[in-house]
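File shown here: work37.txt, holding compact mmCIF, C-alpha atoms and all ligand atoms.
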# COMPACT_ATOMS: atom_id res chain seq x y z
CA MET A 182 25.64 82.15 -133.69
CA LEU A 183 22.70 79.79 -133.47
CA LEU A 184 21.26 81.94 -130.68
CA ASP A 185 20.95 84.89 -133.07
CA PHE A 186 18.78 82.92 -135.51
CA ALA A 187 16.82 81.41 -132.64
CA THR A 188 16.08 84.84 -131.18
CA LYS A 189 15.07 86.35 -134.52
CA ARG A 190 12.81 83.43 -135.49
CA ARG A 191 9.11 84.24 -135.18
CA ALA A 192 5.88 82.38 -135.85
CA THR A 193 4.97 84.01 -139.16
CA LYS A 194 1.33 84.98 -139.65
CA ASN A 195 1.36 86.36 -143.21
CA TYR A 196 3.26 85.14 -146.25
CA ASN A 197 3.92 86.59 -149.67
CA PRO A 198 2.01 84.23 -151.99
CA ASP A 199 4.35 84.99 -154.90
CA MET A 200 7.63 84.13 -153.24
CA PHE A 201 8.96 80.58 -153.24
CA LEU A 202 11.99 78.97 -151.67
CA LYS A 203 14.80 78.05 -154.04
CA LYS A 204 15.07 74.28 -154.41
CA GLU A 205 18.54 74.31 -152.80
CA ASP A 206 17.18 76.15 -149.76
CA LEU A 207 14.38 73.61 -149.38
CA ASP A 208 16.93 70.81 -149.73
CA TYR A 209 19.10 72.44 -147.05
CA ILE A 210 16.15 72.54 -144.63
CA PHE A 211 15.30 68.89 -145.45
CA LYS A 212 18.90 67.89 -144.74
CA VAL A 213 18.91 69.62 -141.36
CA ILE A 214 15.52 68.12 -140.44
CA ASN A 215 16.82 64.68 -141.37
CA THR A 216 19.55 64.91 -138.72
CA SER A 217 17.01 65.18 -135.90
CA PRO A 218 17.00 62.29 -133.44
CA THR A 219 14.09 59.86 -133.04
CA SER A 220 13.33 57.57 -130.14
CA ALA A 221 14.99 54.15 -130.63
CA GLY A 222 16.13 55.47 -134.03
CA LEU A 223 12.79 54.48 -135.54
CA GLU A 224 12.39 57.54 -137.79
CA HIS A 225 8.68 57.71 -137.04
CA TRP A 226 7.87 60.57 -139.39
CA ARG A 227 7.74 61.36 -143.11
CA VAL A 228 7.05 64.72 -144.77
CA LEU A 229 4.72 65.76 -147.58
CA CYS A 230 5.80 69.11 -148.97
CA PHE A 231 2.85 70.99 -150.50
CA ARG A 232 3.87 73.84 -152.78
CA ASN A 233 1.29 73.67 -155.57
CA LYS A 234 -1.71 75.93 -154.74
CA ASP A 235 -4.23 73.60 -156.41
CA LYS A 236 -2.95 70.67 -154.38
CA LYS A 237 -3.09 72.82 -151.24
CA ASN A 238 -6.69 73.73 -152.07
CA GLU A 239 -7.61 70.04 -152.34
CA ILE A 240 -6.85 69.60 -148.64
CA LEU A 241 -7.84 73.09 -147.45
CA SER A 242 -11.02 71.90 -145.70
CA GLY A 243 -8.78 70.13 -143.18
CA ILE A 244 -7.08 73.42 -142.19
CA ASN A 245 -8.58 75.65 -139.47
CA GLU A 246 -10.17 78.92 -140.67
CA GLY A 247 -7.52 81.14 -139.04
CA ASN A 248 -4.72 79.26 -140.79
CA LYS A 249 -6.14 78.86 -144.29
CA LYS A 250 -4.65 82.05 -145.75
CA LYS A 251 -1.15 81.50 -144.39
CA PHE A 252 -1.30 77.85 -145.45
CA LEU A 253 -2.13 78.86 -149.03
CA ASP A 254 0.25 81.85 -149.16
CA SER A 255 3.28 80.04 -147.75
CA SER A 256 5.84 78.81 -150.24
CA ASP A 257 5.90 75.30 -148.79
CA ALA A 258 3.70 73.53 -146.29
CA LEU A 259 5.51 70.59 -144.73
CA LEU A 260 3.02 68.03 -143.48
CA PHE A 261 4.70 65.77 -140.97
CA TYR A 262 2.88 62.44 -140.76
CA VAL A 263 3.81 59.57 -138.51
CA LYS A 264 3.46 55.85 -137.90
CA LYS A 265 0.46 55.00 -135.73
CA GLU A 266 0.14 52.52 -132.86
CA GLU A 267 -1.19 49.96 -135.37
CA TRP A 268 2.00 50.25 -137.43
CA PHE A 269 4.09 49.09 -134.48
CA LYS A 270 1.60 46.44 -133.37
CA ASN A 271 1.37 44.87 -136.82
CA ILE A 272 3.30 41.61 -136.37
CA SER A 273 3.92 41.14 -140.11
CA ASN A 274 5.33 44.64 -140.58
CA GLU A 275 8.48 44.12 -142.65
CA ASP A 276 9.47 47.78 -142.49
CA PHE A 277 9.56 47.67 -138.69
CA TYR A 278 11.64 44.48 -138.90
CA LYS A 279 14.11 46.13 -141.31
CA ILE A 280 14.52 49.22 -139.13
CA ALA A 281 14.96 47.07 -136.00
CA LYS A 282 17.61 44.99 -137.79
CA ARG A 283 19.42 48.07 -139.07
CA ASN A 284 19.51 49.70 -135.64
CA ILE A 285 20.70 46.57 -133.85
CA GLU A 286 23.42 46.09 -136.48
CA GLN A 287 24.62 49.62 -135.74
CA VAL A 288 24.86 48.85 -132.01
CA ASN A 289 26.47 45.45 -132.63
CA GLN A 290 29.04 47.01 -134.93
CA THR A 291 30.32 49.00 -131.96
CA PHE A 292 30.73 45.85 -129.88
CA HIS A 293 31.87 43.56 -132.76
CA LYS A 294 28.89 41.21 -132.28
CA GLU A 295 26.87 39.25 -134.85
CA ILE A 296 23.13 39.99 -135.00
CA THR A 297 20.68 37.29 -133.86
CA GLU A 298 16.99 36.85 -134.66
CA ASP A 299 16.30 36.89 -130.95
CA GLN A 300 17.82 40.38 -130.65
CA ILE A 301 15.52 41.70 -133.38
CA GLN A 302 12.41 40.14 -131.87
CA THR A 303 13.31 41.42 -128.39
CA PHE A 304 13.82 44.93 -129.74
CA MET A 305 10.43 44.95 -131.47
CA LYS A 306 8.66 43.48 -128.45
CA ARG A 307 10.24 46.12 -126.25
CA ILE A 308 8.74 48.84 -128.46
CA ARG A 309 5.37 47.08 -128.92
CA VAL A 310 4.77 46.08 -125.36
CA ASP A 311 7.27 46.55 -122.57
CA ASP A 312 8.48 50.16 -122.61
CA HIS A 313 5.14 51.63 -123.41
CA ALA A 314 3.02 49.53 -121.09
CA ASN A 315 5.29 50.66 -118.24
CA ASN A 316 4.85 54.31 -119.10
CA ASP A 317 1.21 54.24 -120.12
CA HIS A 318 2.29 55.49 -123.54
CA ASN A 319 0.22 55.61 -126.63
CA LEU A 320 2.49 54.75 -129.56
CA THR A 321 0.78 57.20 -131.90
CA GLU A 322 1.36 60.09 -129.50
CA TRP A 323 4.93 58.88 -129.04
CA SER A 324 5.43 59.01 -132.83
CA LYS A 325 4.00 62.52 -133.01
CA ARG A 326 6.46 63.74 -130.42
CA GLN A 327 9.30 62.71 -132.73
CA ALA A 328 7.88 64.92 -135.48
CA TYR A 329 7.83 67.89 -133.08
CA ILE A 330 11.55 67.48 -132.46
CA ALA A 331 12.14 67.44 -136.22
CA ALA A 332 10.02 70.55 -136.64
CA GLY A 333 12.21 72.36 -134.12
CA TYR A 334 15.15 71.74 -136.40
CA ALA A 335 13.17 73.07 -139.37
CA PHE A 336 12.43 76.46 -137.77
CA LEU A 337 16.06 77.11 -136.94
CA ALA A 338 17.41 75.87 -140.27
CA ALA A 339 14.90 78.10 -142.06
CA LYS A 340 15.81 81.23 -140.11
CA GLU A 341 19.51 80.62 -140.71
CA ILE A 342 18.86 81.07 -144.45
CA ASN A 343 16.36 83.93 -143.98
CA VAL A 344 13.28 81.81 -144.54
CA GLU A 345 10.24 82.51 -142.35
CA SER A 346 8.29 79.68 -140.75
CA THR A 347 5.19 78.83 -138.73
CA PRO A 348 4.50 75.84 -136.52
CA MET A 349 0.90 74.86 -137.25
CA GLU A 350 -1.29 72.61 -135.13
CA GLY A 351 -4.44 74.35 -136.25
CA PHE A 352 -5.93 71.66 -138.46
CA ASN A 353 -8.57 68.98 -138.16
CA GLU A 354 -6.69 65.69 -137.87
CA LYS A 355 -9.65 63.51 -138.90
CA ILE A 356 -10.55 65.54 -141.99
CA LEU A 357 -6.94 65.97 -143.08
CA ASN A 358 -6.17 62.26 -142.63
CA LYS A 359 -9.26 61.36 -144.65
CA LEU A 360 -8.23 63.67 -147.51
CA LEU A 361 -4.59 62.51 -147.47
CA LEU A 362 -5.73 58.90 -147.39
CA GLU A 363 -8.14 59.41 -150.31
CA LYS A 364 -5.36 61.00 -152.37
CA GLY A 365 -3.03 58.11 -151.51
CA TYR A 366 -0.49 60.35 -149.75
CA ILE A 367 -0.68 58.36 -146.50
CA ASN A 368 -1.99 54.93 -145.56
CA ASN A 369 -4.26 53.89 -142.71
CA LEU A 370 -1.30 53.04 -140.47
CA GLU A 371 -0.22 56.69 -140.60
CA THR A 372 -1.57 59.99 -139.28
CA ILE A 373 -0.79 63.67 -139.61
CA ALA A 374 1.26 65.06 -136.68
CA LEU A 375 1.86 68.74 -137.40
CA ILE A 376 2.47 71.23 -140.18
CA VAL A 377 5.43 73.54 -140.70
CA LEU A 378 4.93 76.46 -143.08
CA LEU A 379 7.91 77.98 -144.88
CA GLY A 380 8.11 81.12 -146.99
CA TYR A 381 8.74 84.85 -147.02
CA SER A 382 6.73 87.64 -145.44
CA ASP A 383 5.09 90.01 -147.91
CA GLY A 384 6.36 93.33 -146.55
CA VAL A 385 2.78 94.66 -146.41
CA SER A 386 0.76 92.62 -143.91
CA ILE A 387 2.05 92.30 -140.38
CA PRO A 388 4.34 89.25 -140.46
CA TYR A 389 4.49 88.59 -136.71
CA PHE A 390 2.55 89.43 -133.57
CA GLY A 391 4.42 92.05 -131.51
CA LYS A 392 7.86 93.45 -132.20
CA GLU A 393 9.91 90.60 -130.79
CA GLN A 394 9.75 87.24 -129.02
CA VAL A 395 8.16 87.42 -125.57
CA ARG A 396 9.56 84.85 -123.16
CA GLU A 397 9.83 84.40 -119.40
CA SER A 398 13.35 85.00 -118.16
CA ILE A 399 15.88 82.16 -118.03
CA ASP A 400 16.09 82.25 -114.22
CA LYS A 401 12.33 81.72 -113.91
CA LYS A 402 12.27 78.75 -116.27
CA PHE A 403 15.47 76.87 -115.54
CA LYS A 404 16.68 75.45 -112.29
CA ILE A 405 20.04 73.74 -111.98
CA ILE A 406 19.91 70.99 -109.37
CA TYR A 407 23.40 70.86 -107.87
C1 LIG A 501 3.13 73.31 -131.63
C2 LIG A 501 2.74 74.67 -132.08
C3 LIG A 501 1.58 74.84 -132.80
C4 LIG A 501 1.22 76.10 -133.26
N1 LIG A 501 0.10 76.24 -134.06
C5 LIG A 501 -0.15 77.45 -134.62
C6 LIG A 501 -1.20 77.59 -135.55
O1 LIG A 501 -1.94 76.64 -135.85
N2 LIG A 501 -1.39 78.80 -136.12
C7 LIG A 501 -0.59 79.87 -135.84
O2 LIG A 501 -0.79 80.95 -136.39
N3 LIG A 501 0.42 79.76 -134.95
C8 LIG A 501 0.67 78.59 -134.34
N4 LIG A 501 1.71 78.45 -133.47
C9 LIG A 501 2.55 79.63 -133.22
C10 LIG A 501 2.45 80.16 -131.82
O3 LIG A 501 1.23 80.82 -131.66
C11 LIG A 501 3.67 81.04 -131.57
O4 LIG A 501 4.82 80.24 -131.69
C12 LIG A 501 3.68 81.70 -130.25
O5 LIG A 501 2.63 82.64 -130.20
C13 LIG A 501 4.97 82.41 -129.98
O6 LIG A 501 5.33 83.23 -131.07
P1 LIG A 501 6.87 83.36 -131.49
O7 LIG A 501 7.35 81.98 -131.69
O8 LIG A 501 6.87 84.22 -132.72
O9 LIG A 501 7.55 84.06 -130.36
C14 LIG A 501 2.03 77.23 -132.95
C15 LIG A 501 3.19 77.03 -132.20
C16 LIG A 501 3.55 75.78 -131.78
C17 LIG A 501 4.82 75.62 -131.00

Could you write out this file's structure as structure tokens?
Amino acid sequence: MLLDFATKRRATKNYNPDMFLKKEDLDYIFKVINTSPTSAGLEHWRVLCFRNKDKKNEILSGINEGNKKKFLDSSDALLFYVKKEEWFKNISNEDFYKIAKRNIEQVNQTFHKEITEDQIQTFMKRIRVDDHANNDHNLTEWSKRQAYIAAGYAFLAAKEINVESTPMEGFNEKILNKLLLEKGYINNLETIALIVLLGYSDGVSIPYFGKEQVRESIDKKFKIIY
């Protein structure tokens, strides 16, 4: 049952530096992540998967001290990066246009309607201006939230195939963005959102804090409004 994996999953603090995920296991996790929903179907995030230690070292200065060892020792560090506010606001953004068109076509298909240019423009304007002005949203933060949903899928998919994982916010966004930009991994309309480490614990160092998950009880956290 999914609940069994979810209960056994822990934020892993130490990894075996010599153990790597099989390619098919990594592909399985990618496939599960790729099913995660995104707001308005805009697929705000992309993932850089760092496995090579030298490449990890090139961006290590962007990782917080307490996370450096686990970042290096993990098999794979998934860097989720997302589209920034500027990406959405860029009027000549063809990628945004293509995604808008694709998503409207999907809706229209259901209702047997032909797509119009006006529909596409209205959709993009709604994202750029209307929805977010009403809710005082920042589009970059909105994008990052989509990556967090995807990461949730990653942790569970990993545990299902006995892969350990760590959610990792402990990095310096400015430094990491600068390094990723310099290396050409991201562009200036994109920013790092969060990191997911994957790997195996080493059987020597303590893999997790405490013996098991510590959570408030269900009745304290959930309230059904009848
Ligand atoms: C968004 C997010 C960011 C986190 N960042 C870090 C981090 O940078 N380094 C780390 O060791 N653990 C990090 N954690 C792990 C938490 O400390 C951990 O999930 C929490 O203590 C509960 O542990 P458990 O999930 O094993 O029960 C993060 C967790 C989340 C959800």

Top pick for closest residue to Arg309 of chain A, considering A:Lys265, A:Lys401, A:Lys236, A:Lys359 and counting all atoms listed in the file: A:Lys265

Test item: residues lying within 6 Å of ligand LIG 501 (chain A) with only C-alpha atoms and all ligand atoms, as a PyMOL selection string: chain A and resi 191-192+194+248+348-351+394-395

Residue nearest Gly243 of chain A among A:Tyr389, A:Phe304, A:Phe277, A:Phe352 (counting all atoms listed in the file): A:Phe352

Given all atoms listed in the file as the counted atoms, nearest of A:Leu207, A:Ile330, A:Leu183, A:Val288 to Thr219 of chain A: A:Ile330

Which residue of A:Lys251, A:Lys189, A:Tyr262, A:Ser256 approaches Asn369 of chain A most closely, using all atoms listed in the file: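 Between A:Lys251, A:Lys189, A:Tyr262, A:Ser256, the residue approaching Asn369 of chain A most closely is A:Tyr262.
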
Point-to-point distance from atom CA of Arg190 of chain A to atom CA of Phe336 of chain A, Å rounded to tenths: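 One can read the atom CA of Arg190 of chain A to atom CA of Phe336 of chain A distance as 7.3 Å.
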
Distance in Å - atom CA of Ala281 of chain A versus atom CA of Leu375 of chain A: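 Atom-to-atom, atom CA of Ala281 of chain A and atom CA of Leu375 of chain A are spaced 25.4 Å apart.
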
d(atom CA of Ile387 of chain A, atom CA of Ile342 of chain A) in Å: 20.6 Å

Spatial neighbours of segment 222-232 of chain A, max dist 9 Å, only C-alpha atoms, sep filter under 3 positions, as number ranges by chain: A: 201, 218-219, 235-237, 253, 255-265, 277, 280-281, 284, 323-325, 327-328, 331, 366, 374

With 3 Å on each side, where is the centre of the axis-aligned box around all listed atoms of segment 243-252 of chain A, and how long are its edges in Å to one decimal, as JSON?
{"center_x": -5.7, "center_y": 76.1, "center_z": -142.4, "size_x": 15.0, "size_y": 17.9, "size_z": 12.7}

With only C-alpha atoms as the counted atoms, please give the residues lying no more than 12 Å from Lys306 of chain A, apart from itself and same-chain residues fewer than 4 positions off, as a PDB file with C-alpha atoms, in the frame of the given file.
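Result saved to result_3.pdb:
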ATOM      1  CA  PHE A 269       4.090  49.090-134.480  1.00  0.00           C
ATOM      2  CA  LYS A 270       1.600  46.440-133.370  1.00  0.00           C
ATOM      3  CA  ASN A 271       1.370  44.870-136.820  1.00  0.00           C
ATOM      4  CA  ILE A 272       3.300  41.610-136.370  1.00  0.00           C
ATOM      5  CA  PHE A 277       9.560  47.670-138.690  1.00  0.00           C
ATOM      6  CA  TYR A 278      11.640  44.480-138.900  1.00  0.00           C
ATOM      7  CA  ALA A 281      14.960  47.070-136.000  1.00  0.00           C
ATOM      8  CA  ASP A 299      16.300  36.890-130.950  1.00  0.00           C
ATOM      9  CA  GLN A 300      17.820  40.380-130.650  1.00  0.00           C
ATOM     10  CA  ILE A 301      15.520  41.700-133.380  1.00  0.00           C
ATOM     11  CA  GLN A 302      12.410  40.140-131.870  1.00  0.00           C
ATOM     12  CA  VAL A 310       4.770  46.080-125.360  1.00  0.00           C
ATOM     13  CA  ASP A 311       7.270  46.550-122.570  1.00  0.00           C
ATOM     14  CA  ASP A 312       8.480  50.160-122.610  1.00  0.00           C
ATOM     15  CA  HIS A 313       5.140  51.630-123.410  1.00  0.00           C
ATOM     16  CA  ALA A 314       3.020  49.530-121.090  1.00  0.00           C
TER      17      ALA A 314
END

For segment 396-398 of chain A: contacts at 12 Å, only C-alpha atoms, fewer than 5 positions along chain excluded, given as a list in words: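 Near segment 396-398 of chain A, the qualifying residues are Thr188, Phe403 and Lys404 of chain A.
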
Which residue of A:Lys364, A:Lys279, A:Lys234, A:Arg326 approaches Met305 of chain A most closely, using all atoms listed in the file: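 With all atoms listed in the file as the atom set, the closest residue is A:Lys279.
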
Selected residue, from A:Glu345, A:Asp185, A:Asn245, A:Val213, that lies nearest to Asp383 of chain A when counting all atoms listed in the file: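 Closest to Asp383 of chain A of all the choices is A:Glu345.
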
Could you name the residues that touch Val385 of chain A at 10 Å or less, counting all atoms listed in the file, but leaving out those on the same chain fewer than 3 positions away, as a compact mmCIF listing (two decimals) with C-alpha atoms, keeping the file's coordinate frame?
# COMPACT_ATOMS: atom_id res chain seq x y z
CA ASN A 195 1.36 86.36 -143.21
CA TYR A 196 3.26 85.14 -146.25
CA ASN A 197 3.92 86.59 -149.67
CA SER A 382 6.73 87.64 -145.44
CA PRO A 388 4.34 89.25 -140.46

Selection as a ChimeraX atom specification: residues within 6 Å of (6.8, 80.9, -143.5), counting only C-alpha atoms: /A:193,255,345-347,378-381

Within 7 Å of Glu266 of chain A, counting all atoms listed in the file, which residues qualify if same-chain residues fewer than 5 places away don't, as an mmCIF file with C-alpha atoms, in the frame of the given file?
data_model
loop_
_atom_site.group_PDB
_atom_site.id
_atom_site.type_symbol
_atom_site.label_atom_id
_atom_site.label_comp_id
_atom_site.auth_asym_id
_atom_site.auth_seq_id
_atom_site.Cartn_x
_atom_site.Cartn_y
_atom_site.Cartn_z
ATOM 1 C CA ASN A 319 0.220 55.610 -126.630
ATOM 2 C CA LEU A 320 2.490 54.750 -129.560
ATOM 3 C CA THR A 321 0.780 57.200 -131.900
#

With N, CA and C atoms as the goal, would you fill in the gaps in segment 238-250 of chain A and present it as an mmCIF file, in the frame of the given file?
data_model
loop_
_atom_site.group_PDB
_atom_site.id
_atom_site.type_symbol
_atom_site.label_atom_id
_atom_site.label_comp_id
_atom_site.auth_asym_id
_atom_site.auth_seq_id
_atom_site.Cartn_x
_atom_site.Cartn_y
_atom_site.Cartn_z
ATOM 1 N N ASN A 238 -5.236 73.508 -152.127
ATOM 2 C CA ASN A 238 -6.690 73.730 -152.070
ATOM 3 C C ASN A 238 -7.459 72.426 -151.898
ATOM 4 N N GLU A 239 -6.916 71.346 -152.445
ATOM 5 C CA GLU A 239 -7.610 70.040 -152.340
ATOM 6 C C GLU A 239 -7.716 69.571 -150.889
ATOM 7 N N ILE A 240 -6.803 70.053 -150.033
ATOM 8 C CA ILE A 240 -6.850 69.600 -148.640
ATOM 9 C C ILE A 240 -7.190 70.743 -147.674
ATOM 10 N N LEU A 241 -7.617 71.877 -148.256
ATOM 11 C CA LEU A 241 -7.840 73.090 -147.450
ATOM 12 C C LEU A 241 -8.927 72.914 -146.391
ATOM 13 N N SER A 242 -9.915 72.064 -146.669
ATOM 14 C CA SER A 242 -11.020 71.900 -145.700
ATOM 15 C C SER A 242 -10.538 71.276 -144.393
ATOM 16 N N GLY A 243 -9.327 70.701 -144.416
ATOM 17 C CA GLY A 243 -8.780 70.130 -143.180
ATOM 18 C C GLY A 243 -8.018 71.146 -142.344
ATOM 19 N N ILE A 244 -7.861 72.375 -142.886
ATOM 20 C CA ILE A 244 -7.080 73.420 -142.190
ATOM 21 C C ILE A 244 -8.041 74.369 -141.474
ATOM 22 N N ASN A 245 -7.719 74.735 -140.229
ATOM 23 C CA ASN A 245 -8.580 75.650 -139.470
ATOM 24 C C ASN A 245 -8.709 77.001 -140.178
ATOM 25 N N GLU A 246 -9.881 77.640 -140.004
ATOM 26 C CA GLU A 246 -10.170 78.920 -140.670
ATOM 27 C C GLU A 246 -9.006 79.919 -140.548
ATOM 28 N N GLY A 247 -8.546 80.119 -139.316
ATOM 29 C CA GLY A 247 -7.520 81.140 -139.040
ATOM 30 C C GLY A 247 -6.172 80.834 -139.686
ATOM 31 N N ASN A 248 -6.001 79.641 -140.180
ATOM 32 C CA ASN A 248 -4.720 79.260 -140.790
ATOM 33 C C ASN A 248 -4.768 79.104 -142.308
ATOM 34 N N LYS A 249 -5.986 79.174 -142.855
ATOM 35 C CA LYS A 249 -6.140 78.860 -144.290
ATOM 36 C C LYS A 249 -5.295 79.783 -145.177
ATOM 37 N N LYS A 250 -5.350 81.096 -144.876
ATOM 38 C CA LYS A 250 -4.650 82.050 -145.750
ATOM 39 C C LYS A 250 -3.133 81.814 -145.692
#
